[in-house]
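Trainee: Please find data-v7.txt (compact mmCIF, C-alpha atoms) on the next line:
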```
# COMPACT_ATOMS: atom_id res chain seq x y z
CA MET A 175 11.50 -106.32 5.46
CA ALA A 176 14.62 -104.26 4.98
CA ARG A 177 17.68 -104.47 7.17
CA ILE A 178 19.24 -101.13 8.08
CA THR A 179 22.66 -100.75 9.67
CA PHE A 180 23.20 -97.76 11.92
CA ILE A 181 26.83 -96.92 12.61
CA GLN A 182 27.57 -94.64 15.55
CA ASN A 183 30.38 -92.11 15.53
CA ASP A 184 32.47 -94.47 17.70
CA GLY A 185 32.09 -97.25 15.15
CA THR A 186 29.54 -99.40 16.96
CA GLU A 187 27.03 -100.91 14.59
CA ARG A 188 23.48 -102.10 14.97
CA VAL A 189 21.32 -103.78 12.41
CA VAL A 190 17.58 -103.36 12.69
CA GLU A 191 14.70 -104.63 10.63
CA ALA A 192 12.32 -102.09 9.16
CA GLU A 193 9.03 -102.52 7.40
CA PRO A 194 8.59 -100.96 4.00
CA GLY A 195 6.64 -97.71 4.33
CA MET A 196 8.12 -96.61 7.59
CA THR A 197 10.92 -94.08 7.64
CA VAL A 198 14.53 -94.73 8.61
CA MET A 199 13.97 -92.37 11.57
CA GLU A 200 11.00 -94.45 12.76
CA ALA A 201 13.07 -97.60 12.48
CA ALA A 202 15.77 -95.94 14.59
CA VAL A 203 13.39 -94.65 17.26
CA LYS A 204 11.52 -97.96 17.46
CA ASN A 205 14.81 -99.72 18.09
CA ALA A 206 16.16 -97.08 20.48
CA ILE A 207 19.11 -96.19 18.29
CA ALA A 208 21.13 -93.58 20.16
CA GLY A 209 21.74 -90.28 18.45
CA ILE A 210 18.46 -90.05 16.57
CA ALA A 211 16.56 -87.51 18.66
CA ALA A 212 13.73 -86.85 16.20
CA GLU A 213 12.46 -84.04 18.38
CA CYS A 214 9.65 -83.04 16.05
CA GLY A 215 8.45 -86.59 15.54
CA GLY A 216 9.06 -86.77 11.82
CA ALA A 217 7.62 -83.48 10.58
CA CYS A 218 10.88 -82.48 8.87
CA ALA A 219 11.00 -79.56 11.27
CA CYS A 220 13.96 -80.00 13.60
CA ALA A 221 16.97 -81.62 11.92
CA THR A 222 17.65 -83.86 14.90
CA CYS A 223 17.51 -87.12 12.95
CA HIS A 224 20.44 -86.20 10.71
CA VAL A 225 22.39 -89.13 9.22
CA TYR A 226 25.12 -89.64 6.67
CA VAL A 227 24.08 -92.14 4.02
CA ASP A 228 26.80 -94.60 3.08
CA ASP A 229 28.19 -93.76 -0.37
CA ALA A 230 26.98 -97.04 -1.87
CA TRP A 231 23.41 -96.15 -0.82
CA ARG A 232 23.24 -92.54 -1.91
CA GLU A 233 21.68 -93.30 -5.26
CA PRO A 234 18.92 -95.65 -4.08
CA THR A 235 17.95 -93.30 -1.23
CA GLY A 236 17.77 -90.32 -3.58
CA SER A 237 18.50 -86.72 -2.73
CA PRO A 238 16.74 -84.35 -0.35
CA GLU A 239 13.78 -82.32 -1.53
CA GLN A 240 13.79 -78.61 -0.93
CA MET A 241 12.08 -78.68 2.47
CA GLU A 242 14.59 -81.24 3.72
CA GLU A 243 17.51 -79.31 2.22
CA ASP A 244 16.23 -76.18 3.99
CA MET A 245 15.96 -78.05 7.27
CA LEU A 246 19.48 -79.44 6.87
CA ASP A 247 20.63 -75.84 7.38
CA PHE A 248 19.74 -76.46 11.02
CA ALA A 249 21.94 -79.54 11.23
CA PHE A 250 25.58 -79.54 12.24
CA ASP A 251 28.47 -80.72 10.03
CA VAL A 252 26.35 -81.17 6.93
CA ARG A 253 28.03 -83.19 4.17
CA PRO A 254 27.03 -84.18 0.65
CA SER A 255 25.77 -87.50 2.05
CA SER A 256 23.63 -85.79 4.71
CA ARG A 257 19.96 -86.69 4.97
CA LEU A 258 17.23 -86.33 7.54
CA SER A 259 16.31 -89.91 8.32
CA CYS A 260 12.63 -88.99 8.75
CA GLN A 261 12.55 -88.26 5.02
CA ILE A 262 13.98 -91.60 3.85
CA LYS A 263 11.16 -94.08 3.24
CA VAL A 264 12.09 -97.71 3.70
CA SER A 265 11.44 -100.05 0.79
CA GLU A 266 12.62 -103.55 -0.14
CA ALA A 267 15.10 -101.81 -2.42
CA LEU A 268 16.81 -100.37 0.64
CA ASP A 269 17.45 -103.79 2.21
CA GLY A 270 21.04 -103.53 3.46
CA LEU A 271 21.05 -99.73 3.81
CA VAL A 272 23.92 -98.33 5.84
CA VAL A 273 23.72 -94.93 7.55
CA ARG A 274 26.12 -93.21 9.93
CA ILE A 275 25.05 -91.09 12.87
CA PRO A 276 26.84 -87.78 13.36
CA GLU A 277 28.88 -87.18 16.48
CA LYS A 278 26.25 -84.76 17.71
CA GLN A 279 22.75 -83.74 16.66
CA PHE A 280 22.90 -80.45 18.57
CA MET V 189 11.22 -54.20 35.77
CA SER V 190 7.82 -52.72 35.23
CA ASP V 191 6.26 -51.64 38.50
CA LYS V 192 2.81 -52.57 37.36
CA VAL V 193 1.70 -55.88 38.78
CA ILE V 194 -0.95 -57.77 36.88
CA SER V 195 -3.39 -59.61 39.12
CA THR V 196 -5.36 -62.48 37.69
CA ASP V 197 -6.96 -65.77 38.65
CA ALA V 198 -4.74 -68.07 36.62
CA VAL V 199 -1.51 -67.85 34.69
CA ILE V 200 -0.93 -70.44 32.01
CA VAL V 201 2.67 -70.98 31.01
CA GLY V 202 2.65 -72.00 27.35
CA ALA V 203 0.19 -71.03 24.62
CA GLY V 204 0.23 -74.31 22.72
CA PRO V 205 -3.00 -76.20 22.00
CA VAL V 206 -3.31 -77.47 25.56
CA GLY V 207 -2.63 -74.07 27.14
CA LEU V 208 -5.23 -72.56 24.82
CA PHE V 209 -7.85 -75.16 25.65
CA ALA V 210 -7.14 -74.61 29.34
CA VAL V 211 -8.43 -71.06 28.82
CA PHE V 212 -11.69 -72.60 27.64
CA GLU V 213 -12.09 -75.01 30.53
CA LEU V 214 -11.08 -72.41 33.12
CA GLY V 215 -13.33 -69.87 31.45
CA LEU V 216 -16.34 -72.12 31.87
CA VAL V 217 -15.77 -72.06 35.62
CA ASP V 218 -15.26 -68.28 35.65
CA ILE V 219 -11.49 -68.29 35.99
CA LYS V 220 -9.71 -65.49 34.14
CA CYS V 221 -6.39 -66.28 32.53
CA HIS V 222 -3.18 -64.71 31.35
CA LEU V 223 -0.86 -66.74 29.14
CA VAL V 224 2.89 -66.38 28.76
CA ASP V 225 4.81 -67.86 25.83
CA ILE V 226 8.39 -67.54 24.63
CA LEU V 227 7.26 -67.57 21.00
CA ASP V 228 5.76 -64.57 19.23
CA ARG V 229 2.39 -66.18 18.62
CA ALA V 230 0.02 -68.85 19.88
CA GLY V 231 0.22 -72.50 18.89
CA GLY V 232 3.44 -73.77 20.45
CA GLN V 233 4.89 -76.74 18.62
CA CYS V 234 1.84 -76.86 16.35
CA THR V 235 2.69 -73.58 14.71
CA GLU V 236 6.44 -73.54 15.34
CA LEU V 237 7.28 -77.05 14.17
CA TYR V 238 4.50 -78.22 11.90
CA PRO V 239 2.04 -75.47 10.91
CA GLU V 240 1.32 -77.15 7.56
CA LYS V 241 1.48 -80.74 8.70
CA PRO V 242 -1.72 -82.72 9.08
CA ILE V 243 -2.89 -83.96 12.48
CA TYR V 244 -5.26 -86.93 12.23
CA ASP V 245 -6.15 -87.65 15.85
CA ILE V 246 -8.14 -84.68 17.03
CA PRO V 247 -11.60 -86.05 17.83
CA GLY V 248 -14.18 -84.88 15.34
CA LEU V 249 -11.68 -83.45 12.89
CA THR V 250 -10.63 -86.01 10.29
CA VAL V 251 -7.58 -83.95 9.46
CA VAL V 252 -6.40 -80.54 10.62
CA SER V 253 -3.12 -78.68 10.25
CA GLY V 254 -1.20 -77.37 13.25
CA GLN V 255 -2.01 -73.82 12.20
CA GLU V 256 -5.69 -74.49 11.66
CA LEU V 257 -6.06 -76.25 14.99
CA THR V 258 -4.46 -73.22 16.65
CA ASP V 259 -6.73 -70.82 14.77
CA ARG V 260 -9.79 -72.83 15.77
CA LEU V 261 -8.76 -72.91 19.41
CA MET V 262 -8.12 -69.17 19.39
CA ASP V 263 -11.60 -68.73 18.01
CA GLN V 264 -13.10 -71.08 20.58
CA ILE V 265 -11.56 -69.24 23.54
CA LYS V 266 -12.37 -65.76 22.28
CA PRO V 267 -15.36 -65.31 24.64
CA PHE V 268 -13.09 -65.62 27.66
CA GLY V 269 -10.84 -62.65 26.88
CA ALA V 270 -7.59 -64.22 27.98
CA GLU V 271 -4.54 -61.97 27.72
CA PHE V 272 -1.35 -63.08 26.03
CA HIS V 273 2.22 -62.15 26.87
CA PHE V 274 4.34 -63.30 23.93
CA ASN V 275 8.11 -63.28 23.44
CA GLN V 276 8.53 -63.81 27.15
CA ARG V 277 9.60 -66.60 29.39
CA VAL V 278 8.56 -66.92 33.01
CA GLU V 279 11.81 -66.82 34.91
CA SER V 280 10.89 -66.89 38.57
CA LEU V 281 8.15 -68.24 40.77
CA GLU V 282 7.56 -66.87 44.24
CA ARG V 283 5.06 -68.36 46.68
CA ARG V 284 2.91 -65.70 48.28
CA ASP V 285 -0.06 -65.66 50.56
CA GLY V 286 -2.96 -67.12 48.63
CA GLY V 287 -1.08 -67.60 45.40
CA PHE V 288 1.99 -67.02 43.33
CA ARG V 289 4.02 -64.20 41.81
CA LEU V 290 5.65 -64.82 38.46
CA VAL V 291 8.20 -62.58 36.79
CA THR V 292 9.08 -62.92 33.13
CA ASP V 293 12.38 -62.12 31.44
CA ALA V 294 10.68 -59.06 29.94
CA GLY V 295 9.87 -57.78 33.42
CA THR V 296 6.16 -58.58 33.41
CA VAL V 297 4.96 -59.32 36.94
CA LEU V 298 1.91 -61.53 37.32
CA ASP V 299 0.13 -62.41 40.55
CA CYS V 300 -2.20 -65.39 40.37
CA LYS V 301 -4.13 -67.82 42.50
CA VAL V 302 -3.38 -70.84 40.35
CA LEU V 303 -0.53 -71.61 38.03
CA VAL V 304 -0.97 -73.94 35.07
CA ILE V 305 2.20 -75.20 33.44
CA ALA V 306 1.36 -76.20 29.88
CA ALA V 307 4.87 -75.79 28.59
CA GLY V 308 5.01 -78.84 26.32
CA GLY V 309 8.57 -79.91 25.67
CA GLY V 310 9.80 -76.82 27.46
CA SER V 311 10.55 -73.41 26.10
CA PHE V 312 11.96 -72.98 22.63
CA THR V 313 15.57 -71.92 22.90
CA PRO V 314 18.19 -71.36 20.20
CA LYS V 315 20.25 -74.39 19.30
CA ARG V 316 23.84 -74.31 20.44
CA PRO V 317 26.20 -75.62 17.75
CA PRO V 318 28.22 -78.52 19.20
CA LEU V 319 31.53 -76.71 18.73
CA PRO V 320 34.08 -77.62 21.42
CA GLY V 321 34.44 -74.87 24.01
CA ILE V 322 31.56 -72.72 22.74
CA GLU V 323 30.22 -72.27 26.31
CA GLN V 324 33.20 -70.13 27.35
CA TYR V 325 32.38 -67.56 24.67
CA GLU V 326 28.63 -67.36 25.25
CA GLY V 327 27.50 -63.93 26.37
CA THR V 328 30.85 -62.35 25.53
CA SER V 329 31.59 -63.36 21.94
CA VAL V 330 28.87 -65.83 21.02
CA PHE V 331 25.25 -64.70 21.03
CA TYR V 332 22.08 -66.51 19.99
CA SER V 333 19.93 -63.44 19.86
CA VAL V 334 20.44 -59.72 19.63
CA ARG V 335 19.36 -57.98 22.80
CA LYS V 336 21.72 -55.00 22.76
CA MET V 337 23.01 -53.60 19.50
CA GLU V 338 26.06 -52.15 21.23
CA ASN V 339 27.48 -55.65 21.72
CA PHE V 340 28.07 -55.59 17.98
CA LYS V 341 29.15 -52.00 17.47
CA ASP V 342 32.58 -51.67 15.79
CA ARG V 343 33.18 -55.40 16.03
CA ASP V 344 34.03 -58.02 13.42
CA VAL V 345 30.79 -59.95 13.29
CA LEU V 346 30.18 -63.37 11.81
CA ILE V 347 26.61 -64.53 11.32
CA VAL V 348 25.99 -68.17 10.49
CA GLY V 349 22.79 -69.44 8.90
CA GLY V 350 20.48 -69.03 5.95
CA GLY V 351 17.07 -68.46 7.49
CA ASP V 352 15.17 -65.30 8.29
CA SER V 353 16.90 -64.74 11.64
CA ALA V 354 20.33 -64.90 10.03
CA LEU V 355 19.37 -62.61 7.15
CA ASP V 356 17.37 -60.14 9.24
CA TRP V 357 20.22 -59.68 11.70
CA THR V 358 22.72 -59.46 8.88
CA LEU V 359 20.80 -56.51 7.49
CA SER V 360 20.30 -54.87 10.90
CA LEU V 361 23.84 -55.27 12.16
CA GLN V 362 25.70 -54.49 8.95
CA PRO V 363 25.55 -50.69 9.50
CA VAL V 364 26.66 -51.08 13.13
CA ALA V 365 29.44 -53.65 12.89
CA LYS V 366 33.02 -52.89 11.89
CA SER V 367 32.84 -55.77 9.45
CA LEU V 368 30.13 -58.28 8.82
CA THR V 369 30.38 -61.69 7.22
CA LEU V 370 27.49 -64.04 6.58
CA LEU V 371 28.44 -67.70 6.44
CA HIS V 372 26.05 -70.31 5.09
CA ARG V 373 26.59 -73.87 3.98
CA ARG V 374 25.05 -73.36 0.54
CA ALA V 375 24.11 -70.61 -1.89
CA GLU V 376 20.36 -71.14 -1.42
CA PHE V 377 18.47 -69.57 1.46
CA ARG V 378 15.30 -70.33 3.37
CA ALA V 379 15.02 -66.66 4.21
CA ALA V 380 12.67 -64.27 2.41
CA PRO V 381 14.01 -63.61 -1.12
CA ALA V 382 13.79 -59.85 -0.57
CA SER V 383 16.18 -60.04 2.41
CA VAL V 384 18.54 -62.26 0.44
CA GLN V 385 18.57 -59.73 -2.39
CA LYS V 386 19.32 -56.87 0.02
CA MET V 387 22.18 -58.87 1.47
CA LEU V 388 23.59 -59.63 -2.00
CA ASP V 389 23.35 -55.95 -2.89
CA LEU V 390 25.40 -55.08 0.19
CA VAL V 391 27.97 -57.69 -0.85
CA ASP V 392 28.11 -56.14 -4.34
CA LYS V 393 28.71 -52.73 -2.80
CA GLY V 394 31.55 -54.14 -0.72
CA ALA V 395 29.72 -53.36 2.52
CA MET V 396 29.81 -56.95 3.78
CA SER V 397 30.96 -60.45 2.78
CA PHE V 398 29.12 -63.65 2.11
CA LYS V 399 30.99 -66.94 2.34
CA LEU V 400 30.04 -70.56 1.82
CA GLY V 401 30.99 -73.02 4.50
CA GLN V 402 30.54 -74.32 8.03
CA VAL V 403 32.37 -73.43 11.24
CA THR V 404 34.43 -76.31 12.60
CA THR V 405 36.61 -74.76 15.32
CA LEU V 406 36.60 -71.70 17.56
CA HIS V 407 39.78 -69.83 18.47
CA GLY V 408 40.21 -67.34 21.26
CA GLU V 409 41.14 -66.78 24.87
CA GLY V 410 39.42 -65.72 28.07
CA GLY V 411 35.97 -65.78 26.55
CA ARG V 412 37.06 -63.57 23.66
CA LEU V 413 36.82 -65.05 20.24
CA SER V 414 39.56 -64.11 17.76
CA ALA V 415 38.91 -66.38 14.79
CA VAL V 416 37.02 -69.43 13.61
CA THR V 417 38.10 -72.20 11.28
CA VAL V 418 35.66 -72.66 8.45
CA LYS V 419 35.34 -75.65 6.18
CA GLY V 420 34.41 -74.12 2.87
CA ALA V 421 31.78 -75.59 0.58
CA ASP V 422 34.65 -76.74 -1.64
CA GLY V 423 36.13 -78.67 1.29
CA VAL V 424 39.03 -76.26 1.72
CA THR V 425 39.38 -74.87 5.23
CA PHE V 426 40.20 -71.26 6.02
CA GLU V 427 40.43 -69.02 9.06
CA GLN V 428 38.02 -66.19 9.51
CA PRO V 429 38.95 -63.46 12.01
CA VAL V 430 35.94 -62.73 14.18
CA GLU V 431 35.11 -61.01 17.46
CA VAL V 432 31.44 -61.82 17.62
CA LEU V 433 29.68 -64.94 16.38
CA LEU V 434 25.92 -65.25 15.94
CA PRO V 435 24.91 -68.81 15.05
CA PHE V 436 21.32 -69.27 13.87
CA PHE V 437 20.53 -72.98 13.77
CA GLY V 438 16.89 -72.88 14.73
CA LEU V 439 15.24 -73.70 18.01
CA THR V 440 15.12 -76.65 20.31
CA MET V 441 13.04 -77.28 23.40
CA LYS V 442 14.57 -77.02 26.85
CA LEU V 443 12.76 -77.29 30.16
CA GLY V 444 14.25 -73.96 31.22
CA PRO V 445 13.52 -72.16 34.50
CA VAL V 446 10.63 -74.53 35.40
CA ALA V 447 13.37 -76.88 36.58
CA ASP V 448 14.27 -74.40 39.33
CA TRP V 449 10.79 -73.85 40.72
CA GLY V 450 11.10 -76.48 43.41
CA LEU V 451 8.60 -78.90 41.90
CA ASN V 452 9.17 -82.64 41.83
CA LEU V 453 10.57 -83.69 38.47
CA GLU V 454 11.03 -87.06 36.81
CA GLU V 455 13.38 -86.96 33.86
CA ASN V 456 12.47 -83.36 33.06
CA LEU V 457 8.75 -84.06 33.31
CA ILE V 458 6.43 -82.97 36.09
CA PRO V 459 4.61 -85.79 37.87
CA VAL V 460 0.94 -85.09 38.52
CA ASP V 461 -2.00 -86.94 40.00
CA THR V 462 -4.54 -88.06 37.46
CA ALA V 463 -7.59 -86.77 39.29
CA LYS V 464 -6.62 -83.11 39.33
CA PHE V 465 -3.40 -82.87 37.31
CA GLU V 466 -1.87 -81.03 40.19
CA THR V 467 1.89 -81.11 40.80
CA SER V 468 3.64 -81.77 44.09
CA GLU V 469 2.44 -78.33 45.14
CA LYS V 470 -1.12 -77.19 45.74
CA GLY V 471 -2.35 -74.67 43.20
CA ILE V 472 0.28 -75.54 40.62
CA PHE V 473 -0.93 -77.74 37.79
CA ALA V 474 0.87 -79.34 34.87
CA ILE V 475 -0.98 -80.39 31.73
CA GLY V 476 0.00 -81.57 28.28
CA ASP V 477 3.36 -82.95 27.18
CA ILE V 478 5.21 -81.56 30.19
CA ASN V 479 3.51 -83.80 32.76
CA THR V 480 3.90 -87.47 33.50
CA TYR V 481 1.75 -90.11 35.19
CA PRO V 482 1.25 -93.84 34.76
CA GLY V 483 -0.02 -94.47 31.25
CA LYS V 484 0.70 -90.95 30.01
CA LEU V 485 0.42 -90.48 26.26
CA LYS V 486 1.82 -87.33 24.72
CA LEU V 487 -1.22 -86.54 22.66
CA ILE V 488 -2.99 -83.24 22.22
CA LEU V 489 -6.26 -84.93 23.14
CA SER V 490 -4.80 -86.14 26.44
CA GLY V 491 -3.86 -82.55 27.21
CA PHE V 492 -7.42 -81.42 26.52
CA HIS V 493 -8.78 -83.97 28.99
CA GLU V 494 -6.19 -82.93 31.56
CA ALA V 495 -7.20 -79.29 31.13
CA ALA V 496 -10.84 -80.13 31.91
CA LEU V 497 -10.01 -81.95 35.14
CA MET V 498 -7.47 -79.33 36.17
CA ALA V 499 -10.12 -76.61 35.86
CA GLN V 500 -12.40 -78.38 38.35
CA GLN V 501 -9.71 -78.33 41.01
CA ALA V 502 -8.53 -74.82 40.10
CA HIS V 503 -12.06 -73.63 40.87
CA HIS V 504 -11.60 -74.71 44.50
CA TYR V 505 -8.63 -72.39 44.87
CA VAL V 506 -10.06 -69.41 43.03
CA TYR V 507 -13.53 -69.70 44.60
CA PRO V 508 -12.98 -71.57 47.88
CA ASP V 509 -16.49 -70.79 49.13
CA LYS V 510 -18.38 -71.69 45.98
CA LYS V 511 -19.58 -75.16 45.18
CA LEU V 512 -18.99 -76.11 41.58
CA ILE V 513 -21.95 -77.76 39.91
CA PHE V 514 -21.02 -79.77 36.88
CA GLN V 515 -22.84 -78.61 33.76
CA TYR V 516 -22.93 -79.36 30.05
CA THR V 517 -22.40 -76.64 27.44
CA THR V 518 -25.17 -78.24 25.40
CA SER V 519 -27.86 -77.65 27.99
CA SER V 520 -26.61 -75.09 30.51
CA SER V 521 -27.89 -71.61 29.83
CA SER V 522 -25.30 -70.11 32.18
CA LEU V 523 -22.41 -71.81 30.31
CA GLN V 524 -23.91 -70.74 27.01
CA LYS V 525 -24.08 -67.18 28.27
CA LYS V 526 -20.36 -67.31 29.05
CA LEU V 527 -19.73 -68.60 25.54
CA GLY V 528 -21.79 -65.78 24.06
CA VAL V 529 -24.38 -68.14 22.58
CA LYS V 530 -27.44 -66.23 21.47
```
Using the file provided, produce a representation of the structure as C-alpha cells.

Mentor:
Amino acid sequence: MARITFIQNDGTERVVEAEPGMTVMEAAVKNAIAGIAAECGGACACATCHVYVDDAWREPTGSPEQMEEDMLDFAFDVRPSSRLSCQIKVSEALDGLVVRIPEKQF
Amino acid sequence: MSDKVISTDAVIVGAGPVGLFAVFELGLVDIKCHLVDILDRAGGQCTELYPEKPIYDIPGLTVVSGQELTDRLMDQIKPFGAEFHFNQRVESLERRDGGFRLVTDAGTVLDCKVLVIAAGGGSFTPKRPPLPGIEQYEGTSVFYSVRKMENFKDRDVLIVGGGDSALDWTLSLQPVAKSLTLLHRRAEFRAAPASVQKMLDLVDKGAMSFKLGQVTTLHGEGGRLSAVTVKGADGVTFEQPVEVLLPFFGLTMKLGPVADWGLNLEENLIPVDTAKFETSEKGIFAIGDINTYPGKLKLILSGFHEAALMAQQAHHYVYPDKKLIFQYTTSSSSLQKKLGVK
C-alpha cells in the first residue's frame, strides 16, 4: 500500500491508500477526488487528470514520456512539475506521495 | 441550407462503435440508415481518444485496438450501405407526422422514421481554456475553429498550441492576417514535422513570430480583445497585443444540442427502458454511453446489446404492418442474403 495525498487548489487535503500497480489517477477516481476528471479513462488522451507533483516527489515519480509530454500541451497552466496522473504508476516507493490538483482541468 | 431533403428509415447520431453496430442490427431488419458525426471519420472515442490503445473486453477478440475495432465494424456493416455525414452535428430536431426532421450545422436535412442517439459522451467540442472572462470574447475575438477566413483578415492573430490544428491554421492564416504569432509552451511540437518546418521558415523570413509560453490573462473591452498576458517559458511574463485569439487545446465531450430536444435527461444522460432502449419519446432511441438505466455499464459490449434490442422495436415503427420473426444469422438464408453471404 502507498498513501497518496491530494491537495486541492483551495488547500484542502485528502489522503488515500493506493495499491501498487494502479495509477495515481485510478486512486483519485476510486476515492472520488474532485478535480480529476480523467475523461478518457486513462488512455493518456485527454489531459484531464493533470496534477502538480510536489517537489520532493519529482525524482521518484520520474519525468513524462513523449506521449504524456505531448498530451500535456492540452492541459492548462503547465509547470515543470506537471504530470498526467494516469501515467504515474503507484509503487511502495511512492508511499507518501503528494500531488496538487490544478485550479481547473478545462 | 441545402434544399435537398434526405429521406431515410433511421438516422443514427454518432458513428462510434455502438452507432456502427446499430447499422448492422437495423440492417438485418431491413432498416436503412444515415449516420451523422461531428468528427471527420468513424470510430468516435475509439479512434479519437485511443486508436492505438488495446481493448480487452470485446467478446471473441482477446485484444483489439480502437482503430482496428472500428475498421472491423466498418467492414461488418458494409453490406447495408449506410451513408455517413461527417464533420456535422445535428442541431435541431422537429417532430413531424410519422417521424422526425433533423437539421445539421452544415445544413443537411434528414427526414427519418426513427432516431437513434448513439452519441457517447456527447459531441466532441474544442476545449475552452479556463481564462477568466474568455466567454465575453468568444465569437468576436476568440475562436476555436476557423469558419470564415475574413474574421482574421488584417488582424493581429495569436494562435496557441502545438498540434496539427494550431500549425495548420498558422500556415493558412499567416498570409491573411496582419500579424501572426504562434504561442506554444515548449519548443517541441506534436504537429507534423513538415508543418513545423514551414512555420519555422516563415519565422526565419520574418513573416510571423513564434513565442514560448502560456496565456494567463486576457485584456480587452466590449468583447474586443486588445492584448494577452503571457507567462514565458522562462517564467518572465510579457504582454502580447492581439485582436484575435485561436486556442487549440484539443477536444472534450459535451452533450450539445441533444440537451434541447425535449427528452428526459438525468445528469446529462438519457434514461431509457431496458426492453427497447427507447427514450421518453416513441421512435427516439438512445444506446451506448449516452443512455442510463438501472445497472448501466458504460461498456462497448453493452451498447452492442442495446443496439440489437433497439432494432427490434425500431422495426415496429418502420414497418408497422409487418410482423418481425426472430432469426439467426447462422441459419437464416434471408439474413445471409442481406449480409451478402454466398

Trainee: Report as a tab-separated table (two decimals) with C-alpha atoms, keeping the file's coordinate frame all protein, DNA and RNA residues lying within 7 Å of Ala365 (chain V), evaluated on all atoms listed in the file, omitting residues in the same chain fewer than 4 positions from it.

Mentor:
```
chain	number	residue	atom	x	y	z
V	340	PHE	CA	28.07	-55.59	17.98
V	341	LYS	CA	29.15	-52.00	17.47
V	342	ASP	CA	32.58	-51.67	15.79
V	343	ARG	CA	33.18	-55.40	16.03
V	344	ASP	CA	34.03	-58.02	13.42
V	345	VAL	CA	30.79	-59.95	13.29
V	361	LEU	CA	23.84	-55.27	12.16
```

Trainee: Any chance you could tabulate, as a tab-separated table, the residues of chain V at most 6 Å from chain A with each one's nearest atom pair and distance in Å to one decimal, using all atoms listed in the file, in chain and rising number order?

Mentor:
```
residue	atom	partner	partner_atom	distance
V:Leu237	CA	A:Ala219	CA	5.3
V:Pro317	CA	A:Phe280	CA	5.9
V:Pro318	CA	A:Phe280	CA	5.7
V:Arg378	CA	A:Asp244	CA	6.0
V:Phe437	CA	A:Phe248	CA	4.5
V:Gly438	CA	A:Phe248	CA	5.9
```

Trainee: Between V:Gly410, V:Pro445, V:Pro239, V:Gly327, which has the minimum distance to Val201 (chain V) (counting only C-alpha atoms)?

Mentor: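 Among V:Gly410, V:Pro445, V:Pro239, V:Gly327, it is V:Pro445 that comes nearest to Val201 (chain V).
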
Trainee: Select all residues near (23.5, -102.1, 7.0) (cut-off 9 Å, inclusive, file coordinates), counting all atoms listed in the file, and output them as a list in words.

Mentor: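 Protein and nucleic acid residues near the point are Arg177, Ile178, Thr179, Phe180, Ile181, Glu187, Arg188, Val189, Val190, Asp269, Gly270, Leu271, Val272 and Val273 of chain A.
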
Trainee: Out of V:Val418, V:Lys301, V:Pro205, V:Glu213, which residue has the shortest atom-to-atom distance to Asp259 (chain V) when counting all atoms listed in the file?

Mentor: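 Among V:Val418, V:Lys301, V:Pro205, V:Glu213, it is V:Pro205 that comes nearest to Asp259 (chain V).
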
Trainee: In Å, how far is it from CA of Leu303 (chain V) to CA of Pro247 (chain V)?

Mentor: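 Straight-line distance from CA of Leu303 (chain V) to CA of Pro247 (chain V) works out to 27.2 Å.
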
Trainee: Using only C-alpha atoms, find the one residue out of A:Met199, A:Val227, A:Glu239, A:Pro234 that sits nearest to Ser259 (chain A).

Mentor: A:Met199

Trainee: Considering only C-alpha atoms, return as number ranges by chain whatever protein or nucleic-acid residues lie within 10 Å of Thr235 (chain A), sequence-local ones (same chain, fewer than 2 positions apart) excluded.

Mentor: A: 227-228, 230-233, 237-238, 257, 261-265, 267-268, 271

Trainee: Mind writing the picked residues with C-alpha atoms as an mmCIF file, in the coordinates of the input?

Mentor:
```cif
data_model
loop_
_atom_site.group_PDB
_atom_site.id
_atom_site.type_symbol
_atom_site.label_atom_id
_atom_site.label_comp_id
_atom_site.auth_asym_id
_atom_site.auth_seq_id
_atom_site.Cartn_x
_atom_site.Cartn_y
_atom_site.Cartn_z
ATOM 1 C CA VAL A 227 24.080 -92.140 4.020
ATOM 2 C CA ASP A 228 26.800 -94.600 3.080
ATOM 3 C CA ALA A 230 26.980 -97.040 -1.870
ATOM 4 C CA TRP A 231 23.410 -96.150 -0.820
ATOM 5 C CA ARG A 232 23.240 -92.540 -1.910
ATOM 6 C CA GLU A 233 21.680 -93.300 -5.260
ATOM 7 C CA SER A 237 18.500 -86.720 -2.730
ATOM 8 C CA PRO A 238 16.740 -84.350 -0.350
ATOM 9 C CA ARG A 257 19.960 -86.690 4.970
ATOM 10 C CA GLN A 261 12.550 -88.260 5.020
ATOM 11 C CA ILE A 262 13.980 -91.600 3.850
ATOM 12 C CA LYS A 263 11.160 -94.080 3.240
ATOM 13 C CA VAL A 264 12.090 -97.710 3.700
ATOM 14 C CA SER A 265 11.440 -100.050 0.790
ATOM 15 C CA ALA A 267 15.100 -101.810 -2.420
ATOM 16 C CA LEU A 268 16.810 -100.370 0.640
ATOM 17 C CA LEU A 271 21.050 -99.730 3.810
#
```

Trainee: Enter the distance from CA of Ala447 (chain V) to CA of Ala496 (chain V), in Å, rounded to one decimal.

Mentor: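 Here the two named atoms are 24.9 Å from each other.
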
Trainee: Just give me the residues with any atom within 8 Å of (18.6, -89.3, 17.5), file coordinates, counting all atoms listed in the file, written as number ranges by chain.

Mentor: A: 202-203, 207-212, 222-224, 279

Trainee: Nearest to Val391 (chain V) among V:Pro435, V:Leu368, V:Glu326, V:Leu298, with distances taken over only C-alpha atoms: which residue is it?

Mentor: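 Closest candidate: V:Leu368.
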
Trainee: Can you pull out every residue within 9 Å of Thr517 (chain V), counting all atoms listed in the file, but drop anything in the same chain fewer than 5 positions away, and send it as a PyMOL selection string?

Mentor: chain V and resi 216+522-524+527

Trainee: Generate a file of the selected residues that holds C-alpha atoms, formatted as a PDB file, in the frame of the given file.

Mentor:
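What landed in part.pdb:
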```
ATOM      1  CA  LEU V 216     -16.340 -72.120  31.870  1.00  0.00           C
ATOM      2  CA  SER V 522     -25.300 -70.110  32.180  1.00  0.00           C
ATOM      3  CA  LEU V 523     -22.410 -71.810  30.310  1.00  0.00           C
ATOM      4  CA  GLN V 524     -23.910 -70.740  27.010  1.00  0.00           C
ATOM      5  CA  LEU V 527     -19.730 -68.600  25.540  1.00  0.00           C
TER       6      LEU V 527
END
```

Trainee: Excluding His503 (chain V) and its own-chain neighbours fewer than 2 positions away, which residues fall within 10 Å of it when counting all atoms listed in the file? Please give them as a list in words.

Mentor: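 Here the qualifying residues turn out to be Asp197, Leu214, Val217, Asp218, Ile219, Lys301, Val302, Met498, Ala499, Gln500, Gln501, Tyr505, Val506, Tyr507, Pro508, Asp509, Lys510, Lys511 and Leu512 of chain V.
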